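Visitor: Enclosed is the structure file entry.csv (CSV, C-alpha atoms).
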chain,number,residue,atom,x,y,z
A,1,MET,CA,-54.9,112.8,-82.6
A,2,GLN,CA,-56.1,114.6,-79.5
A,3,LYS,CA,-58.6,111.9,-78.8
A,4,HIS,CA,-55.9,109.2,-79.1
A,5,VAL,CA,-53.7,111.1,-76.6
A,6,ILE,CA,-56.6,111.3,-74.2
A,7,ALA,CA,-57.4,107.6,-74.6
A,8,THR,CA,-53.8,106.6,-74.0
A,9,GLY,CA,-53.6,108.9,-71.0
A,10,CYS,CA,-56.7,107.2,-69.5
A,11,LEU,CA,-55.0,103.8,-69.8
A,12,LEU,CA,-51.9,105.1,-68.1
A,13,ALA,CA,-54.0,106.6,-65.3
A,14,PHE,CA,-55.6,103.2,-64.8
A,15,ALA,CA,-52.2,101.7,-64.5
A,16,ALA,CA,-51.4,104.0,-61.6
A,17,VAL,CA,-54.4,102.8,-59.6
A,18,PRO,CA,-53.4,100.2,-56.9
A,19,ALA,CA,-54.6,96.8,-57.7
A,20,THR,CA,-56.1,96.5,-54.2
A,21,ALA,CA,-58.6,99.4,-55.0
A,22,ALA,CA,-60.6,97.0,-57.2
A,23,ASN,CA,-60.4,93.8,-59.3
A,24,ILE,CA,-58.3,95.2,-62.1
A,25,GLU,CA,-57.0,93.2,-65.1
A,26,PHE,CA,-54.8,94.3,-67.9
A,27,ASN,CA,-55.2,92.3,-71.1
A,28,GLY,CA,-54.7,92.3,-74.8
A,29,VAL,CA,-54.3,90.4,-78.0
A,30,ALA,CA,-51.4,90.2,-80.5
A,31,ASN,CA,-52.5,89.0,-83.9
A,32,ALA,CA,-49.9,88.7,-86.7
A,33,GLU,CA,-50.6,87.2,-90.1
A,34,VAL,CA,-48.7,86.8,-93.4
A,35,ALA,CA,-50.8,86.3,-96.6
A,36,SER,CA,-50.2,86.2,-100.3
A,37,VAL,CA,-53.0,88.0,-102.1
A,38,SER,CA,-53.8,87.9,-105.8
A,39,GLY,CA,-56.4,90.4,-107.1
A,40,ASP,CA,-57.1,93.9,-105.9
A,41,GLY,CA,-59.4,93.2,-103.0
A,42,TYR,CA,-57.7,94.2,-99.8
A,43,GLY,CA,-57.7,98.0,-100.1
A,44,GLY,CA,-55.3,97.7,-103.0
A,45,ASN,CA,-52.8,95.4,-101.2
A,46,GLU,CA,-51.5,92.7,-103.4
A,47,GLY,CA,-48.7,90.1,-103.2
A,48,LEU,CA,-47.1,89.1,-99.9
A,49,THR,CA,-48.0,91.3,-97.0
A,50,VAL,CA,-48.1,91.3,-93.2
A,51,THR,CA,-51.7,91.8,-92.0
A,52,ASP,CA,-54.0,91.9,-89.0
A,53,ALA,CA,-57.3,90.4,-89.9
A,54,MET,CA,-57.5,92.2,-93.2
A,55,ARG,CA,-60.7,92.6,-95.2
A,56,ARG,CA,-61.8,94.5,-98.3
A,57,ASP,CA,-61.3,97.8,-96.5
A,58,GLY,CA,-57.6,97.2,-95.9
A,59,LYS,CA,-55.0,95.0,-94.4
A,60,TYR,CA,-55.9,96.2,-90.9
A,61,GLY,CA,-59.7,96.1,-91.5
A,62,GLY,CA,-60.4,93.5,-88.8
A,63,ASN,CA,-57.7,94.8,-86.4
A,64,GLU,CA,-57.6,92.1,-83.7
A,65,THR,CA,-54.5,93.5,-82.0
A,66,TRP,CA,-55.4,95.6,-78.9
A,67,LEU,CA,-54.4,96.6,-75.4
A,68,GLY,CA,-56.9,97.1,-72.7
A,69,ILE,CA,-57.9,97.1,-69.0
A,70,LYS,CA,-61.1,96.0,-67.2
A,71,GLY,CA,-62.1,96.2,-63.7
A,72,SER,CA,-64.9,95.4,-61.3
A,73,GLU,CA,-65.8,96.3,-57.7
A,74,ASP,CA,-68.4,94.7,-55.4
A,75,VAL,CA,-70.6,97.6,-54.2
A,76,GLY,CA,-72.9,95.4,-52.0
A,77,ASN,CA,-76.4,94.1,-52.1
A,78,GLY,CA,-75.7,91.9,-55.1
A,79,TYR,CA,-74.4,94.8,-57.3
A,80,THR,CA,-71.0,95.0,-59.1
A,81,ALA,CA,-69.6,98.1,-60.7
A,82,ILE,CA,-67.8,97.3,-64.0
A,83,ALA,CA,-65.6,99.2,-66.5
A,84,ARG,CA,-63.6,98.4,-69.6
A,85,ALA,CA,-61.3,100.4,-71.9
A,86,ARG,CA,-59.4,99.1,-75.0
A,87,LEU,CA,-57.2,100.6,-77.7
A,88,LYS,CA,-56.7,99.2,-81.1
A,89,VAL,CA,-53.0,98.8,-82.1
A,90,ARG,CA,-51.9,98.9,-85.7
A,91,PRO,CA,-48.4,97.5,-85.7
A,92,GLY,CA,-47.9,98.5,-89.4
A,93,ASN,CA,-48.3,102.1,-88.4
A,94,TRP,CA,-45.5,102.0,-85.8
A,95,GLY,CA,-43.4,105.2,-86.3
A,96,PHE,CA,-45.9,106.6,-88.8
A,97,ASN,CA,-48.4,108.4,-86.6
A,98,LYS,CA,-49.0,111.5,-88.7
A,99,ALA,CA,-51.2,111.7,-91.8
A,100,SER,CA,-48.4,113.7,-93.5
A,101,LYS,CA,-46.1,110.7,-93.2
A,102,TYR,CA,-48.4,107.8,-93.5
A,103,LEU,CA,-51.2,107.2,-96.0
A,104,SER,CA,-53.4,104.6,-94.4
A,105,ASP,CA,-55.7,102.2,-96.1
A,106,THR,CA,-59.1,103.4,-97.4
A,107,GLY,CA,-62.1,102.8,-95.2
A,108,ASP,CA,-62.4,102.8,-91.5
A,109,PRO,CA,-63.2,100.0,-89.1
A,110,GLN,CA,-65.2,102.4,-86.9
A,111,GLY,CA,-67.6,103.0,-89.7
A,112,ALA,CA,-66.6,106.5,-90.6
A,113,SER,CA,-66.4,107.7,-94.2
A,114,PRO,CA,-63.0,107.9,-95.9
A,115,GLU,CA,-63.2,111.7,-95.8
A,116,THR,CA,-63.5,111.7,-92.0
A,117,SER,CA,-61.7,108.6,-90.9
A,118,GLY,CA,-58.1,109.8,-91.1
A,119,ALA,CA,-57.9,110.4,-87.4
A,120,ASN,CA,-58.4,106.7,-86.8
A,121,ASN,CA,-56.6,105.2,-89.7
A,122,ASP,CA,-53.2,107.0,-89.6
A,123,SER,CA,-52.4,106.4,-86.0
A,124,LEU,CA,-50.6,103.6,-84.1
A,125,PHE,CA,-53.5,103.7,-81.5
A,126,SER,CA,-57.2,104.3,-82.1
A,127,GLY,CA,-60.4,103.9,-80.2
A,128,ARG,CA,-62.1,100.5,-79.6
A,129,ASP,CA,-64.5,100.3,-76.7
A,130,ALA,CA,-64.7,102.2,-73.4
A,131,PHE,CA,-67.6,101.9,-71.1
A,132,ALA,CA,-68.7,101.7,-67.4
A,133,GLY,CA,-71.8,100.4,-65.7
A,134,ILE,CA,-73.3,98.2,-63.1
A,135,LYS,CA,-74.7,94.7,-63.0
A,136,GLY,CA,-76.9,93.0,-60.5
A,137,PRO,CA,-80.1,91.0,-60.2
A,138,PHE,CA,-81.9,93.2,-62.7
A,139,GLY,CA,-79.2,92.6,-65.4
A,140,SER,CA,-76.5,95.1,-66.5
A,141,VAL,CA,-76.5,98.7,-67.6
A,142,THR,CA,-73.5,100.1,-69.4
A,143,ILE,CA,-72.7,103.6,-70.8
A,144,GLY,CA,-70.0,104.6,-73.3
A,145,THR,CA,-68.7,103.2,-76.5
A,146,MET,CA,-69.3,99.5,-77.1
A,147,SER,CA,-70.3,96.8,-79.5
A,148,SER,CA,-73.8,96.9,-80.7
A,149,PRO,CA,-76.2,94.2,-79.4
A,150,TYR,CA,-76.8,93.4,-83.1
A,151,LYS,CA,-73.1,92.7,-83.6
A,152,SER,CA,-72.3,90.9,-80.3
A,153,THR,CA,-75.2,88.4,-80.6
A,154,THR,CA,-73.6,86.3,-83.4
A,155,VAL,CA,-70.2,87.9,-84.4
A,156,LYS,CA,-68.3,85.1,-82.6
A,157,TRP,CA,-70.4,82.4,-84.4
A,158,ASP,CA,-68.0,82.9,-87.3
A,159,PRO,CA,-65.1,80.5,-86.3
A,160,LEU,CA,-62.7,82.5,-88.5
A,161,LYS,CA,-63.6,85.9,-87.0
A,162,GLY,CA,-60.5,88.1,-86.4
A,163,THR,CA,-58.5,86.5,-89.2
A,164,PHE,CA,-57.9,87.4,-92.8
A,165,LEU,CA,-60.3,84.5,-93.5
A,166,GLN,CA,-63.3,86.0,-91.8
A,167,ALA,CA,-66.7,86.4,-93.4
A,168,ARG,CA,-67.6,89.9,-92.4
A,169,GLY,CA,-66.8,92.6,-94.9
A,170,GLN,CA,-65.7,90.0,-97.4
A,171,GLY,CA,-69.0,88.9,-98.9
A,172,GLY,CA,-70.3,86.5,-96.2
A,173,MET,CA,-71.5,89.0,-93.5
A,174,SER,CA,-72.1,92.7,-93.5
A,175,ARG,CA,-70.0,95.4,-91.9
A,176,ALA,CA,-72.8,95.7,-89.3
A,177,GLN,CA,-70.9,92.8,-87.6
A,178,ASN,CA,-68.0,95.1,-87.0
A,179,SER,CA,-67.4,98.5,-85.3
A,180,TYR,CA,-68.5,100.1,-82.0
A,181,LEU,CA,-71.3,102.6,-81.2
A,182,PRO,CA,-70.4,105.9,-79.5
A,183,ASN,CA,-72.6,107.7,-76.9
A,184,THR,CA,-74.5,104.5,-76.2
A,185,ILE,CA,-76.6,103.2,-73.3
A,186,ALA,CA,-77.1,99.4,-73.2
A,187,TYR,CA,-79.2,97.0,-71.1
A,188,GLY,CA,-78.7,93.3,-71.0
A,189,ASN,CA,-80.2,90.4,-69.0
A,190,LYS,CA,-80.9,86.6,-69.0
A,191,PHE,CA,-84.4,85.3,-68.9
A,192,GLY,CA,-84.2,81.6,-68.3
A,193,GLY,CA,-81.9,80.3,-71.1
A,194,ALA,CA,-82.5,83.4,-73.3
A,195,LYS,CA,-80.0,86.3,-73.5
A,196,VAL,CA,-81.4,89.7,-74.5
A,197,LYS,CA,-79.5,93.0,-75.0
A,198,LEU,CA,-80.7,96.3,-76.4
A,199,SER,CA,-79.1,99.8,-76.8
A,200,MET,CA,-79.8,103.4,-77.7
A,201,THR,CA,-77.2,105.6,-79.3
A,202,MET,CA,-77.8,109.3,-78.7
A,203,ASP,CA,-77.3,112.2,-81.0
A,204,GLU,CA,-73.6,113.3,-80.6
A,205,SER,CA,-72.9,116.2,-82.9
A,206,GLU,CA,-74.3,118.4,-85.6
A,207,ASP,CA,-71.0,118.3,-87.4
A,208,PRO,CA,-70.5,115.1,-89.3
A,209,ASP,CA,-67.1,116.4,-90.5
A,210,ASN,CA,-65.7,116.1,-87.0
A,211,ALA,CA,-64.0,112.6,-87.1
A,212,GLY,CA,-65.6,110.3,-84.6
A,213,GLU,CA,-68.8,112.2,-84.2
A,214,ALA,CA,-71.9,110.3,-85.1
A,215,ASN,CA,-74.6,112.9,-85.8
A,216,GLY,CA,-77.1,110.1,-85.6
A,217,GLU,CA,-80.8,110.2,-84.9
A,218,HIS,CA,-80.9,108.2,-81.6
A,219,GLY,CA,-80.1,104.8,-83.2
A,220,TYR,CA,-81.4,101.6,-81.7
A,221,SER,CA,-79.9,98.1,-81.6
A,222,PHE,CA,-81.3,94.8,-80.4
A,223,GLY,CA,-80.0,91.2,-80.2
A,224,ALA,CA,-81.3,88.0,-78.5
A,225,THR,CA,-80.2,84.4,-78.3
A,226,LEU,CA,-82.8,81.7,-77.6
A,227,PRO,CA,-82.1,78.0,-76.9
A,228,LEU,CA,-84.1,75.7,-79.1
A,229,GLY,CA,-82.6,72.6,-77.4
A,230,ASP,CA,-79.6,71.4,-75.5
A,231,ALA,CA,-77.3,71.8,-78.6
A,232,THR,CA,-79.2,74.3,-80.8
A,233,ASP,CA,-79.5,78.1,-80.4
A,234,LEU,CA,-81.5,80.7,-82.4
A,235,ALA,CA,-80.3,84.3,-82.6
A,236,ILE,CA,-82.1,87.3,-83.9
A,237,GLY,CA,-81.0,90.9,-84.3
A,238,TYR,CA,-82.2,94.3,-85.6
A,239,GLN,CA,-80.8,97.8,-85.6
A,240,ASP,CA,-81.6,101.2,-87.1
A,241,LEU,CA,-78.8,103.7,-86.5
A,242,GLY,CA,-80.6,106.7,-88.1
A,243,ASP,CA,-80.3,108.4,-91.4
A,244,LYS,CA,-77.1,110.2,-90.6
A,245,MET,CA,-74.8,107.6,-89.1
A,246,ASP,CA,-73.5,106.6,-92.5
A,247,PHE,CA,-72.5,110.2,-93.3
A,248,ALA,CA,-74.7,109.9,-96.4
A,249,ASP,CA,-78.3,110.5,-95.0
A,250,GLU,CA,-79.4,107.2,-96.5
A,251,GLY,CA,-80.2,105.1,-93.5
A,252,SER,CA,-78.4,102.2,-91.9
A,253,SER,CA,-80.8,99.5,-90.8
A,254,SER,CA,-79.9,95.8,-90.5
A,255,ALA,CA,-81.8,92.6,-89.6
A,256,LYS,CA,-80.6,89.0,-89.2
A,257,VAL,CA,-81.6,85.5,-88.0
A,258,ALA,CA,-79.1,82.8,-87.3
A,259,VAL,CA,-79.0,79.2,-86.0
A,260,ARG,CA,-76.1,77.3,-84.4
A,261,HIS,CA,-76.1,73.5,-83.8
A,262,GLN,CA,-73.4,71.5,-82.0
A,263,SER,CA,-73.1,67.7,-82.2
A,264,GLY,CA,-70.0,66.2,-80.8
A,265,GLY,CA,-67.0,67.8,-82.4
A,266,LEU,CA,-69.1,69.3,-85.2
A,267,THR,CA,-70.6,72.8,-85.1
A,268,LEU,CA,-72.9,74.1,-87.8
A,269,VAL,CA,-73.9,77.8,-88.3
A,270,GLY,CA,-76.4,79.4,-90.7
A,271,GLN,CA,-77.3,83.1,-91.0
A,272,TYR,CA,-79.5,85.3,-93.1
A,273,GLU,CA,-78.9,89.1,-93.0
A,274,THR,CA,-80.5,92.0,-94.8
A,275,THR,CA,-78.9,95.5,-94.7
A,276,GLU,CA,-79.1,99.0,-96.0
A,277,ASN,CA,-76.2,101.2,-97.1
A,278,TYR,CA,-73.8,101.9,-94.2
A,279,ALA,CA,-74.1,98.3,-93.0
A,280,THR,CA,-72.1,96.8,-95.9
A,281,ASN,CA,-68.8,97.4,-97.6
A,282,TYR,CA,-70.6,97.4,-100.9
A,283,ASP,CA,-72.1,100.5,-102.5
A,284,ASN,CA,-75.8,99.6,-101.9
A,285,ALA,CA,-78.2,97.6,-99.7
A,286,ALA,CA,-77.6,93.9,-99.8
A,287,ASP,CA,-78.8,90.5,-98.5
A,288,PHE,CA,-76.3,88.0,-97.1
A,289,VAL,CA,-76.5,84.3,-96.6
A,290,TYR,CA,-73.7,82.6,-94.6
A,291,GLY,CA,-73.0,79.1,-93.4
A,292,SER,CA,-70.0,77.4,-91.7
A,293,ALA,CA,-69.0,73.9,-90.5
A,294,THR,CA,-66.3,73.4,-87.8
A,295,TRP,CA,-64.9,70.0,-87.1
A,296,ALA,CA,-62.9,69.8,-83.9
A,297,PHE,CA,-61.2,66.5,-84.4
A,298,ASP,CA,-59.4,66.7,-81.1
A,299,ASP,CA,-59.0,69.2,-78.3
A,300,LYS,CA,-56.3,71.2,-80.1
A,301,ASN,CA,-57.2,71.1,-83.8
A,302,GLU,CA,-60.1,72.5,-85.9
A,303,LEU,CA,-60.9,72.3,-89.6
A,304,ILE,CA,-63.3,75.0,-90.8
A,305,LEU,CA,-65.3,75.5,-94.0
A,306,SER,CA,-67.2,78.8,-94.5
A,307,LEU,CA,-69.4,79.8,-97.4
A,308,GLY,CA,-71.4,82.9,-98.2
A,309,ALA,CA,-73.3,84.8,-100.9
A,310,ASN,CA,-74.7,88.3,-101.2
A,311,GLU,CA,-77.1,90.1,-103.5
A,312,ASP,CA,-77.6,93.8,-104.2
A,313,THR,CA,-81.2,94.8,-103.1
A,314,ASN,CA,-80.8,98.6,-103.8
A,315,ASP,CA,-83.9,100.2,-105.4
A,316,GLY,CA,-82.1,103.4,-106.3
A,317,ASP,CA,-79.9,104.0,-109.3
A,318,LYS,CA,-79.4,100.3,-109.9
A,319,ASP,CA,-82.0,97.6,-110.5
A,320,SER,CA,-82.7,95.4,-107.5
A,321,GLY,CA,-80.4,92.4,-107.6
A,322,ASP,CA,-78.1,94.2,-110.0
A,323,THR,CA,-74.9,92.9,-108.4
A,324,SER,CA,-74.0,89.8,-106.4
A,325,GLY,CA,-71.0,88.1,-104.8
A,326,THR,CA,-69.7,85.0,-103.2
A,327,TYR,CA,-67.4,84.2,-100.3
A,328,ALA,CA,-65.6,80.9,-99.5
A,329,ALA,CA,-62.9,80.1,-97.0
A,330,LEU,CA,-61.2,76.9,-95.8
A,331,GLY,CA,-59.2,77.3,-92.6
A,332,MET,CA,-57.6,75.5,-89.7
A,333,LYS,CA,-56.6,76.3,-86.2
A,334,HIS,CA,-54.1,74.6,-83.8
A,335,HIS,CA,-54.4,75.6,-80.2
A,336,PHE,CA,-51.1,75.4,-78.2
A,337,SER,CA,-53.1,76.5,-75.1
A,338,LYS,CA,-56.1,78.6,-74.3
A,339,LYS,CA,-54.1,81.7,-75.0
A,340,ALA,CA,-52.0,80.9,-78.0
A,341,ARG,CA,-52.9,79.4,-81.4
A,342,VAL,CA,-51.9,79.4,-85.1
A,343,HIS,CA,-54.3,79.5,-88.0
A,344,GLY,CA,-54.1,79.3,-91.7
A,345,GLY,CA,-56.1,78.8,-94.9
A,346,LEU,CA,-57.4,80.0,-98.2
A,347,ILE,CA,-60.1,82.6,-99.0
A,348,HIS,CA,-61.7,83.6,-102.2
A,349,SER,CA,-64.2,86.5,-102.6
A,350,ALA,CA,-65.9,87.3,-105.8
A,351,SER,CA,-68.2,90.3,-106.6
A,352,ASP,CA,-69.9,91.8,-109.7
A,353,ASP,CA,-69.3,95.2,-108.2
A,354,LEU,CA,-65.8,94.9,-106.6
A,355,ASP,CA,-62.6,93.2,-107.7
A,356,ASP,CA,-62.3,89.4,-107.1
A,357,TYR,CA,-59.4,88.2,-104.9
A,358,THR,CA,-57.8,85.1,-103.5
A,359,GLY,CA,-55.7,85.0,-100.3
A,360,ILE,CA,-53.6,82.3,-98.8
A,361,GLY,CA,-51.6,82.6,-95.6
A,362,ALA,CA,-51.2,81.9,-91.9
A,363,GLY,CA,-51.2,83.7,-88.6
A,364,PHE,CA,-50.3,83.5,-84.9
A,365,ARG,CA,-52.5,84.9,-82.1
A,366,VAL,CA,-51.6,85.3,-78.4
A,367,ASN,CA,-54.0,86.5,-75.7
A,368,PHE,CA,-52.5,88.0,-72.6
If you took the structure in this file and wrote it as structure tokens, what would it be?

Guide:
Amino acid sequence: MQKHVIATGCLLAFAAVPATAANIEFNGVANAEVASVSGDGYGGNEGLTVTDAMRRDGKYGGNETWLGIKGSEDVGNGYTAIARARLKVRPGNWGFNKASKYLSDTGDPQGASPETSGANNDSLFSGRDAFAGIKGPFGSVTIGTMSSPYKSTTVKWDPLKGTFLQARGQGGMSRAQNSYLPNTIAYGNKFGGAKVKLSMTMDESEDPDNAGEANGEHGYSFGATLPLGDATDLAIGYQDLGDKMDFADEGSSSAKVAVRHQSGGLTLVGQYETTENYATNYDNAADFVYGSATWAFDDKNELILSLGANEDTNDGDKDSGDTSGTYAALGMKHHFSKKARVHGGLIHSASDDLDDYTGIGAGFRVNF
């Protein structure tokens, strides 16, 4: 809770800074959904429920509602100082900000184990990203807590990202497409049409029982997007976050390759991903295959079909390929403007290792 108080105080301090001191922008997202769920897949939540981008690890698993501030300042010679801080907001926890009063969903979107994630899960506010840095002719360097290059390379290629229909954590993509890395230094740049970003996460603590401490082994993450043509992009990513960042000393490496092609109003995406342990909501290492087709039949409406499959590749207690699963979602979006939209659809996720479930619902998202 102390960290959440500090983070909230930082945002309030930013608010006291005169806008003339720098280019400062307050922003956020409100994402509210209602879904009817059959099966026991959303962290035990069944029936009709109000959600915020729920996944297998709970009805706030994707948590797209947030408050933030970002700023920049021209420091001369082509260089700009940049900073960003955001807090997650869990509307369902309003008024229940102590563990003694609120039993939150199992799992943690920050990637912590259930035993150490209570500090993030039982509060109205929790950490998202907070970093500062500089950008210029050489690219950009940022320091703090931020999305991994592995994640940011293709996470937005899922047209249903940030809704209860999304692929990550539900059998179509791994949990490596979620979360933020603490104590991280990142470098990014463009080389012609190619975008490249890499990061190093430094050892933070020798006590993995301290919620929010990584106790990693200098984890590394890399992501790149390469143009194959005017309408086709290739993306690759790899990360190894060390043997201790999953709190189980079993490693947490991930690798992926993806292709996106656009033709008129049709956008096609395909991705292959292989992961180990921490990187998946499943018990063991797994391979994921994902594909989506988005048809924007006018400037306000989109129809989306997403399909995925995964297979257990663990070589430990279970035989390789011992369990598998599938993911399918059919969704739509209607954009009232660039900042407001509604979405809805149907999702089905099946697994040999976890409970199957089906969800149908709709949501409303506003950016401000």

Visitor: Separation of atom CA of A:Val75 and atom CA of A:Pro137, in Å?

Guide: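 We find that atom CA of A:Val75 and atom CA of A:Pro137 lie 13.0 Å from each other.
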
Visitor: Looking at all atoms listed in the file, which of A:Ser221, A:Gln170, A:Asn27, A:Gln262 is the one that sits closest to A:Asp356?

Guide: A:Gln170

Visitor: In Å to one decimal, how far is atom CA of A:Val366 from atom CA of A:Arg341?

Guide: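 The value is 6.7 Å.
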
Visitor: Given the point (-55.0, 71.4, -82.7) in the coordinates of this file, which residues lie within 8 Å, counting only C-alpha atoms, and how would they look as a ChimeraX atom specification?

Guide: /A:298-302,333-336

Visitor: Residues as selected, C-alpha atoms, written as a short mmCIF file (atom, residue, chain, number, x, y, z; two decimals), in the frame of the given file, can you do that?

Guide:
data_model
loop_
_atom_site.label_atom_id
_atom_site.label_comp_id
_atom_site.auth_asym_id
_atom_site.auth_seq_id
_atom_site.Cartn_x
_atom_site.Cartn_y
_atom_site.Cartn_z
CA ASP A 298 -59.40 66.70 -81.10
CA ASP A 299 -59.00 69.20 -78.30
CA LYS A 300 -56.30 71.20 -80.10
CA ASN A 301 -57.20 71.10 -83.80
CA GLU A 302 -60.10 72.50 -85.90
CA LYS A 333 -56.60 76.30 -86.20
CA HIS A 334 -54.10 74.60 -83.80
CA HIS A 335 -54.40 75.60 -80.20
CA PHE A 336 -51.10 75.40 -78.20
#

Visitor: Identify, on the basis of all atoms listed in the file, every residue whose closest approach to A:Ala309 does not exceed 8 Å; exclude the query and any residue fewer than 4 positions from it along the same chain; express the result as a ChimeraX atom specification.

Guide: /A:171-172,288-290,324-327

Visitor: Suppose you want the space between atom CA of A:Ser38 and atom CA of A:Gly291; what is it in Å?

Guide: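 About the pair atom CA of A:Ser38 and atom CA of A:Gly291: they are 24.5 Å apart.
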
Visitor: Please provide the set of residues having any atom within 6 Å of stretch 28-37 of chain A, restricted to all atoms listed in the file, with same-chain residues fewer than 2 positions apart removed, written as a list of chain:residue names.

Guide: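 Non-adjacent residues within range: A:Glu46, A:Gly47, A:Leu48, A:Thr49, A:Val50, A:Thr51, A:Asp52, A:Glu64, A:Thr65, A:Trp66, A:Leu67, A:Gly68, A:Thr358, A:Gly359, A:Ile360, A:Gly361, A:Ala362, A:Gly363, A:Phe364, A:Arg365, A:Val366, A:Asn367, A:Phe368.
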
Visitor: Kindly indicate which residue among A:Ile347, A:Ala286, A:Ala258, A:Ala231 lies nearest to A:Met54, using all atoms listed in the file for the distances.

Guide: A:Ile347

Visitor: Rank A:Leu330, A:Val89, A:Leu307, A:Ala235 by their smallest atom-to-atom distance to A:Pro149, using only C-alpha atoms, and report the top residue only.

Guide: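 Selected residue with least distance to A:Pro149: A:Ala235.
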
Visitor: Of the residues A:Tyr220, A:Tyr150, A:Tyr79, A:Tyr60, which is the one nearest to A:Thr184, using all atoms listed in the file?

Guide: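 Closest to A:Thr184, using all atoms listed in the file: A:Tyr220.
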
Visitor: Can you find the residues with an atom no farther than 7 Å from (-73.4, 93.0, -94.1), counting all atoms listed in the file, and report them as a PyMOL selection string?

Guide: chain A and resi 168-169+173-177+273+275+279-280+288

Visitor: A:Lys135, A:His261, A:Lys161, A:His218: which is nearest A:Asn189, counting all atoms listed in the file?

Guide: A:Lys135

Visitor: Which one is closest to A:Gly237: A:Ser252, A:Ser292, A:Ser148, A:Thr323? Count all atoms listed in the file.

Guide: A:Ser148

Visitor: Hey, could you patch up stretch 135-140 of chain A with all heavy atoms and hand it over as a compact mmCIF listing (two decimals), keeping the file's coordinate frame?

Guide:
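Dumped to part_0.txt:
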# COMPACT_ATOMS: atom_id res chain seq x y z
N LYS A 135 -73.89 95.89 -62.78
CA LYS A 135 -74.70 94.70 -63.00
C LYS A 135 -75.17 94.15 -61.69
O LYS A 135 -74.53 94.30 -60.64
CB LYS A 135 -73.91 93.65 -63.79
CG LYS A 135 -72.69 93.09 -63.08
CD LYS A 135 -72.01 92.04 -63.94
CE LYS A 135 -70.78 91.46 -63.24
NZ LYS A 135 -70.11 90.42 -64.08
N GLY A 136 -76.34 93.53 -61.75
CA GLY A 136 -76.90 93.00 -60.50
C GLY A 136 -78.08 92.08 -60.87
O GLY A 136 -78.17 91.56 -61.99
N PRO A 137 -78.99 91.87 -59.93
CA PRO A 137 -80.10 91.00 -60.20
C PRO A 137 -81.00 91.37 -61.35
O PRO A 137 -81.65 90.53 -61.97
CB PRO A 137 -80.90 91.03 -58.84
CG PRO A 137 -79.89 91.48 -57.83
CD PRO A 137 -78.97 92.40 -58.56
N PHE A 138 -81.02 92.65 -61.66
CA PHE A 138 -81.90 93.20 -62.70
C PHE A 138 -81.22 93.02 -64.13
O PHE A 138 -81.84 93.30 -65.15
CB PHE A 138 -82.17 94.64 -62.52
CG PHE A 138 -80.94 95.50 -62.57
CD1 PHE A 138 -80.47 96.01 -63.76
CD2 PHE A 138 -80.23 95.78 -61.41
CE1 PHE A 138 -79.33 96.80 -63.82
CE2 PHE A 138 -79.09 96.56 -61.45
CZ PHE A 138 -78.63 97.06 -62.65
N GLY A 139 -79.93 92.62 -64.17
CA GLY A 139 -79.20 92.60 -65.40
C GLY A 139 -78.01 93.53 -65.36
O GLY A 139 -77.44 93.78 -64.29
N SER A 140 -77.66 94.11 -66.49
CA SER A 140 -76.50 95.10 -66.50
C SER A 140 -76.92 96.28 -67.34
O SER A 140 -77.66 96.20 -68.33
CB SER A 140 -75.30 94.40 -67.15
OG SER A 140 -75.52 94.06 -68.50
